[in-house]
Structures are given as C-alpha cells and as structure tokens.
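Visitor: Provided herewith is a single structure, encoded as structure tokens, for subsequent inquiry.
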Amino acid sequence: MKKDITSPPRLPLRFFRWFCHPKLLKYIEGDLTELYLERLNEKGKRKADIKFITDVLLLFRPGIIRPIEQRQNLNTQAMLKNYFKISWRNVLRNKGYSFINMGGLAFGITVTLLIGLWIYDELSFDNDNTHSDRLARVIQNVTNNGEVQTWKSVPFPLAEELRTNYGSDFKHIAMAVNWGDHMLTLKDKTLKQIGVYLEKDGPEILDLKMIQGSSHMIDPASILLSASAAQTYFGDEDPINQVMRIDEQPVVKVIGIYKDFPLNSTFAGLNFISTWELLYNADSWFKTAEDPWRPNFATLFVELNDNAEFNIVSAKIKDAKLKKINSQLAQKKPELFLHPMSDWHLRSEFKNGVNAGGAIEYVWMFAIIGAFVLLLACINFMNLSTARNEIRAKEVGIRKTVGSLRKQLVLQFFSESFLIVLFSFVISLLLTQIVLPIFNEVANKQITILWSHPFFWLISLGFIVITSLIAGSYPAFYLSSFKPIQVLKGTFKAGRYAALPRKILVVTQFTVSITLIIGTIIVYQQIQFAKNRPVGYSRASLLSIYEMNSSIHDHVDAVKEEMMQTGVISSMTESQSSLTGIWSSTSGFSWNGKDPNLSTDFGVVSSAHDYGKTIGWEIKEGRDFSPEFATDSSAVVLNEAAIHYMGLKNPVGETVTWWGRPFTVIGIIKNMVMESPYDEQRPVIYFLTKESGNVLLIKLKSSANTREAIAKIEPIFKKYNPAQPFEFQFVDDEYAKKFGNEERIGKLAGFFAMLAVLICCLGIFGLASFTAEQRTKEIGIRKVLGASVTKLWQMLSKDFVVLVLLSCLFAVPISYYFLHQWLLKYEYRTDIGWWVFIMAGSGAMLITLLTVSYQAVKAALANPVKSLRSE
Amino acid sequence: MKKYQLGEFEEVVMLTVGVLYKDAYGVSIKKEIETRLSRNVSVGALQTALKRLEDKGYLKSFDGEATEERAGRPKKYFQITALGKKAMEYSKSTRDELWSAIPKMAWNVKII
C-alpha cells in the first residue's frame, strides 16, 4: 500500500493518540495536522516530520496526558454495595452451605489464630529485657571420651577470672548461684520461694523494673523481693528495711521491690534475689574448697559492650577455664562460649557441642500445621463455591449480558469471599476467646488475644485479605470465565474435567488430615512406649519431701521410729538425689583394668539405709546395703549400665576406687529410669551415706489410705522441722512430668488433627449433598427403572471413597518420613508399625463414608415421584 | 492573597485570544504569539496553558468547523469570559500601579 505523504508520521501520531486526554484529542490532533501540512508545504517533509515529532514529545506533559483511571464515570461505590448485597442474599438463601463455609473457615481461622498467638508468645520470650540482644550466658563444651557435651553451668571462680582478664568486652558480668527453691522467713512466716544469689551487677543484667527502693545491693545482707512476694509477706505494710531470713540462716534486709517477671521469661517466678557475697561469707566451703574450679554449679550471665560481638567474644574466652584447671580436669578440654539470650528458650539444645535447635522446631511444626489447617478451610470454600457453579452461572451470564466486565465479576466474587472471611474471622475471635483457657492449660501458657495491640489488628487485616484472596481466587477466575451465550441458552454443562480441580483439592485435604492423624497416633504411641518402659523400681504410693534444712536429718532415727509407729508407712529413707533425677556425677571413679585414658562420667546417688527397700529396686546379683555389715560404708551398688560400661565379668566382690578410696562392689541392680525416659541408661553408682540428704523418701503401706497417712505424717514432720512448710510430691506425679512436653505436643497435635478432620468432613458433607441434589433426577429415573437403595448408595459414595484411598497413598510416605525423623530424636523409641497407617486410613474412610452416606442414603430413599414430577 | 492567578505566558495567551477575537484557536494563537512577540511557542505549552485557563474559567471554548487540512478534526475556538477579563484588568492595574510607583530618579541612574 502506498503511503500517503501528506499524513504525519504514523508512529508518533499513534503514540499521541494513545496518551492524549480523550477530551482534547480531536482538537489538538487537528491543530497538529494543520501545522504539519503547512510546514510540509513550506519546508519539506523531513523538517515537518521532525517538527511534528518534537511537538508530540512536548505535548507529553501533565494536563494533556490522559488520567490513568480509564473509567472515571463508573459508579464503583454503588456496585460494591450491590456486590455485598448480593453476597449477603446468597449467604441467607443457602443457609446450609453458608454454615458449612463459614463454620469451616471459622474453625480454620481459630486454629491459625491460636497457633499464631502461641508462636508470638514463643518468639517474644525474654523480650521484656531491654538489652536482650546484648545478653548471654557463658556455657561450656566438655569432651568425654570423644563425645562432646554441653554444660550450662560453670565453676564459680570463672566470674572473677573473666572480670580481671577479659573485662574489656563486657559491660556487666554476674554470676547466679543456688537458683531454686529456698525457704524465706519473715518473723514466724516461712514459705517456699524461688530465689537466687546474684553478684552485684545482676540486677542490671536482669533488667529489674524497680517499683520501690533501690536495686543496688551494697550491703551483702540485702534482699530484693518481687512484687508478688512482697504482697504475700507484707500485704499493705512497707517492706523496705524489714528483716528476713533465707533458709533460716543469713539475716537480710529488704532494700527493694521489683516488678514480677512475665511468664514468658527465663526468670519467670523468681521471687527474691540476694547477694553472692552473703552466700560466700556464710559458707566456709567456698574458701576452703581444695579445687574451686572443679564443681560446676554457677550460672554466669554477661552483658556485652555495644561494639562487641558474640562469636568474637566466644573465641576470646574459649580457653579461659582451661588455663586455670589442673591436668586431670583439662583432659575434658572445656571450651567456653556464649549462648545469647535470644537463643535461651528457642535454641537451648546442643548436640556434639553444636546448637541443635530446641523449641524452635515446635514453632516451625505448628506454623506449618496452622498453615495447612487454614488451607483446608480455604479449600472447602473453593470447592463449595465452584460446586454451585451451575447455579451461579446464570447470574454470571446475565451480569455479562448487561455489561459487566470480567474484572468486575472477579471483584464481585472476591468481595463475596471477603465478606464470608470477615464474618468467619469475627466468629473465630469469639471461638478463640472461648477456647483460650483450655488451650492455655494444655500449652502451659498465659496467652491472651492482643486486643489493644495495633500490630495484631494489622496482621489480622492482612490475614483476612490474604485468606479471602486465596479462598476467593478459584471461584473468582473460574466462574467469571463463563460465556454468557452458552450459559443463558441453557446448554451449559460443566465438562467432564470441571470436577478435576475439585477432586485434587479434596485429595489434598485428606492427605493433610490423614498425615495429622498418623502423626497424633505415633506421638501417643511413643509416649505410651516410654511410659511402659520398665523403671526398675516401684513408684506406687511413694512420696518424696525435699529437705531444706538439716532438722529432720539431725533426728532421723527418732523421726523414723515415730513414722513407723503410725502404722501407715512401710519404709523411710533419705537420699541426696530425688528419684526422678541424678543430681551429681563424678569423674573420679576407677576400677581394675580401666583404660587410663578413659574419662568417666558416672552418676552418683548417695543415700541412707533402707533406700533399696523403700524404692523397691531389683537386685540382680549380690545384696543390698545392710545395717548388719559395718563395712557397708565403703561398699557400692552399681547398676547394670555401669557393669556393662566397666566390662567386669564378676563384679560382685570386686574392689573399685573413688578418688583413690577403695570401695567393694556388693550388689548389682537392674537399671532404674531416674532421668529422661527416652534416653539410654547411664552408669550410676549408689553409695551408702550418713550425711544429710536432700530428699526424704517415704513408702506408704499399700493398705493405707493416702489422705489419712499424710495426716499422720504431717505432725511428725512439723514437730521436728517446724521451720519448713510441709510439702510433698508423689514420685508417680513427678515421673509423669517427664512426659509433659511430649504429652503437650501430642494433645495439641490431636486437637489440630481433630479440627482438620472436622473441616474436611464439613467440606465433603457439603459436596456430597450438592452432588446428591444435582443428580436428583438421575436418581429418580434409576429408582423407577429398579435400582436398589444399596446400589444408589454405592454409586454416590464411590467417588469419595476413591479420593480417600488416593489420599492415603500420598499420606503414608509423607507421614512416615517426618515421623521417622522425629523419632530419631529419642534413643528409646517405638517402631512405626504398619497398623498405624491402616488404622488412620480406615478411620478416615469410615468418617468419610459416614458423612457421605447420610446424604447418599437420604437421596436414595427419596420418592422418585417427587423428583420426577417437577418438570 | 492573590485574587487572580495569571502567569506571564497565560497573560500573553489571554491577550492574544483577545486580539484574535473570533478567530482564536490553537494554530492561530500560536502563530499570532510567534509573529507578535517573536518567540517560539510549542503546541504542548500552548495547549496546557489553554486547558489551565479554561479550567480556571478565564476562557470558554466552542467547537468550530472541521476542514480538510485538519483531516476532519474540528477546531476549538476560545473566548475570554467575564472572569477572564477581570483577571486581565487586575493584572494590568497592578503593573500600572507598580510603574507609577517607580520614582523618576530611578530612570536617571545612567547620567552619573
């Protein structure tokens, strides 16, 4: 085609037409053309073209350029109002579907909310400390026969050592000693309180928020109380300058009151703080100890200078302990390093000297579960919306015919999902509020909805928007793509593959649910497995009382005699370790044929006579300690693990040494589970001692009524130890606490799995009722032609059964992989049996069948006359 | 506060529209300014100024005939409104006031 030479260059013209404001376009284009022609005549084509192009480019300026919003005149507000109105009517018209939709979503959001709050709580652990990013604890890696262990306590002289020789990197250094239960006395009121002895920089590091008085403990005989402790002791009185006593010994003066630590703090529940100097002066052991670097019992807190970094300082102080200790201790090659405060809670576990995570794993696990449960709820929403597509299709057709753009329809469906999500969110806020107390109990937390937190609302809003986008995306794009002509002519039928995405979504849902079910079963199985582990002693009606002073010990024979006279106890003893923990260990143990390079770490339990009888340990070989043998004070009983470790053939009668002192092995007992029920047994030595014990163990007669027995024990205890409040624990309960963490996980996982299954069931219930409704006519005709109810039921249920079977196929390998990983954490672990998968699969199948059958049977039983008459 | 917003170029455009009386449209205004004031005026600058003046209410416009040399596009003719006239008068009077306020001496500096 020949180019018209009198017309301006095309490209700039098109560009101009594209950007120019439509109202101005024709006039300016006229002007430009007129000028162009004139220049063409006067100066020729080239010049005219160039002029034209510059003119167009100079026209590209605000005022001429069209506004970005193309359709300014659309009444968007009214349309939005209309969308919400239609959505609301749809909600009301299909009450059943809406209920399923909103219910499912509300459950999903509740779970996500709970998990979100839980994660927030976990992540904000220790955040109340204003310099939490500069704080750390000095801990050490020690090597025991090639295995690296991480100890979180250090020898007490280390604090001074760091201060004098490494001080430049630290702003504050403070050692904490004897953190735990103490007896705090005001006049004649004695209560058990958690307290600690701190060095003078301690209050700075702990970031105490003082309510009254000062935190500077200049006089060693000072004490700081938490607000709650002050309230308990003094009520409305002024506590400052009052005199109290700790563990009956030192007299201290209250100089300040601090605000209680929040529950999600490492220091939660710490009710009093006194000074390390006080303890140091009171106990002569600190000054006379033959090697103060040997025992590790101090917790060392440090605050770094602003420009110091954790890993650099860690490298600097690495050998601070090694340089000071004797050659025998040096065999363990202690390496010091810093454990930053931000990791104390979430990354507290170490494996081979390297940080191996900890609670952070659960944060991840629950975050993933939360996301999946929400996804399940979103899938329900998508499935139900698209399942009703043939009903909504007409609406889409009409809307398109009267001029709706696809964009507007998409917006309509999004606004619909937004409305439903918003409602569900409100419902789930209520649900969360109701469930929180139970959740808190299970999770052992004090979580509240952060009503007054702007951040919470921001996140919630974002969450609502994202959820409605996810949930609304599929219907929005799928439904809005219908062609009006087909839809309105009535020839529209969703094709064979229209249901395919729906099926995929259902399979996803069930895969997640079945995985969660399997997970729950295995967690419980593992707990049960560990609970059923033979413990090697008898926990039944065994009580333990912690001794906080030596009053009972001083009269132990008299106490024992009076106790026995009550007739309710069968035996009593004193021990230096509780039954559910080994409180001390030793490296000074040696025997014939021991490899001199072997560095040993044996657990040590020292106790009085009748220990074995009271706890009912099982002697495998040899005999128990007995008062009849005076030589038993230099005898030991070993457990099987120790014998195995030492590799002795005939252990009974063998002589072993402890720090050079000879002992005779008189008996071998079966391993007793005193520490973690998931770990392997470690070697333990049992000594007989006449020294003061820490724990009083009392075995009640099996015939005795527990309450009466305690009522009889209490006055005796009070008589000999009036200073200590009478408190006791059942060993059974203490043992059960070892499962607390796993049981919590199990309960939460079970709770979430149940909700996931519930949400899935809601979904397929809706889908089943929908298919049944759609096929009413077909079912009618089939019935007329003689199909039986069973046949019809089979026909309607078959689809879902196939989907569930498919989900099982996916769920089994996925869950096997993850649970296998989880179980590897435990040394004493259960096997994953195939029956678990069968059980979970068939459980899911049963629930599905029950859900679907209700609808299927209802449809199959309906009178065909009714369904066929309505044409 | 300024009562009437009128920039220098805008004022020139207004005056030219006045000069052209019934024949003021894009091209003619451009040419008139270019010949009278011997300065180059781009279509873009002129059109934005016209649009702004119309938005302010100083000018009003009506569609004109569509001729062949304009490829069938209509002309857009402009007329000064009453408000536009006031704005021009205001602008002129302020200039006059300023002129008359200049002391005679100021003009004689070069004598020294």
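Naming scheme: A, B, ... for chains in displayed order of the structure tokens; residues 1 onward per chain; ligands 1 onward as shown.
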Residues of chain A within 6 Å of chain B, counting only C-alpha atoms - could you list those as a ChimeraX atom specification?
Guide: /A:26-27,30-31,33-34,55,58-59,63
Visitor: Would you list, as a PyMOL selection string, the residues of range 476-625 of chain A that end up in strand (DSSP E or B) under DSSP run on this structure's backbone?
Guide: chain A and resi 542-546+569-575+584-586+589-591+602-607+619-622
Visitor: Find the spatial neighbours of Ser538 in chain A, counting only C-alpha atoms, within a cut-off of 8 Å - ignore same-chain residues fewer than 6 positions away - and output them as a ChimeraX atom specification.
Guide: /A:615-617
Visitor: Residues of the last selection are to be written out with N, CA and C atoms, as a PDB file, in the first residue's frame.
Guide:
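The resulting file, part24.pdb, is shown below:
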```pdb
ATOM      1  N   ILE A 615      12.401 -47.850  97.836  1.00  0.00           N
ATOM      2  CA  ILE A 615      12.012 -47.657  96.444  1.00  0.00           C
ATOM      3  C   ILE A 615      11.762 -48.976  95.732  1.00  0.00           C
ATOM      4  N   GLY A 616      12.157 -50.056  96.346  1.00  0.00           N
ATOM      5  CA  GLY A 616      11.887 -51.361  95.757  1.00  0.00           C
ATOM      6  C   GLY A 616      12.704 -51.642  94.512  1.00  0.00           C
ATOM      7  N   TRP A 617      13.987 -51.359  94.574  1.00  0.00           N
ATOM      8  CA  TRP A 617      14.818 -51.685  93.407  1.00  0.00           C
ATOM      9  C   TRP A 617      15.003 -53.183  93.277  1.00  0.00           C
TER      10      TRP A 617
END
```
Visitor: Would you mind telling me which residue in A:Ala136, A:Thr143, A:Gln729, A:Ser415 lies nearest to Asn311 in chain A when using only C-alpha atoms?
Guide: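 Among A:Ala136, A:Thr143, A:Gln729, A:Ser415, it is A:Ala136 that comes nearest to Asn311 in chain A.
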Visitor: Just the residues within 7 Å of range 4-18 of chain A, please, counting only C-alpha atoms, with nothing from its chain fewer than 5 positions along; format it as a list in words.
Guide: Leu25, Thr33, Tyr36, Leu37, Asp49, Ile53 and Val56 of chain A
Visitor: Please write the residues from the selection above to a file, keeping N, CA and C atoms, as a PDB file, in the first residue's frame.
Guide:
```pdb
ATOM      1  N   LEU A  25      -8.247  15.284  22.457  1.00  0.00           N
ATOM      2  CA  LEU A  25      -7.578  14.613  21.347  1.00  0.00           C
ATOM      3  C   LEU A  25      -7.907  15.222  19.984  1.00  0.00           C
ATOM      4  N   THR A  33      -2.200  18.478  12.705  1.00  0.00           N
ATOM      5  CA  THR A  33      -2.281  18.149  11.276  1.00  0.00           C
ATOM      6  C   THR A  33      -2.189  19.421  10.436  1.00  0.00           C
ATOM      7  N   TYR A  36       1.260  20.631  10.415  1.00  0.00           N
ATOM      8  CA  TYR A  36       2.115  19.708   9.660  1.00  0.00           C
ATOM      9  C   TYR A  36       2.018  20.000   8.168  1.00  0.00           C
ATOM     10  N   LEU A  37       0.771  20.130   7.722  1.00  0.00           N
ATOM     11  CA  LEU A  37       0.563  20.362   6.294  1.00  0.00           C
ATOM     12  C   LEU A  37       1.227  21.670   5.860  1.00  0.00           C
ATOM     13  N   ASP A  49       8.346  16.515   9.533  1.00  0.00           N
ATOM     14  CA  ASP A  49       8.301  15.317  10.385  1.00  0.00           C
ATOM     15  C   ASP A  49       8.972  15.586  11.724  1.00  0.00           C
ATOM     16  N   ILE A  53       7.329  15.524  15.398  1.00  0.00           N
ATOM     17  CA  ILE A  53       7.752  14.636  16.492  1.00  0.00           C
ATOM     18  C   ILE A  53       8.072  15.446  17.758  1.00  0.00           C
ATOM     19  N   VAL A  56       4.880  16.513  19.355  1.00  0.00           N
ATOM     20  CA  VAL A  56       4.225  15.417  20.090  1.00  0.00           C
ATOM     21  C   VAL A  56       4.937  15.174  21.414  1.00  0.00           C
TER      22      VAL A  56
END
```
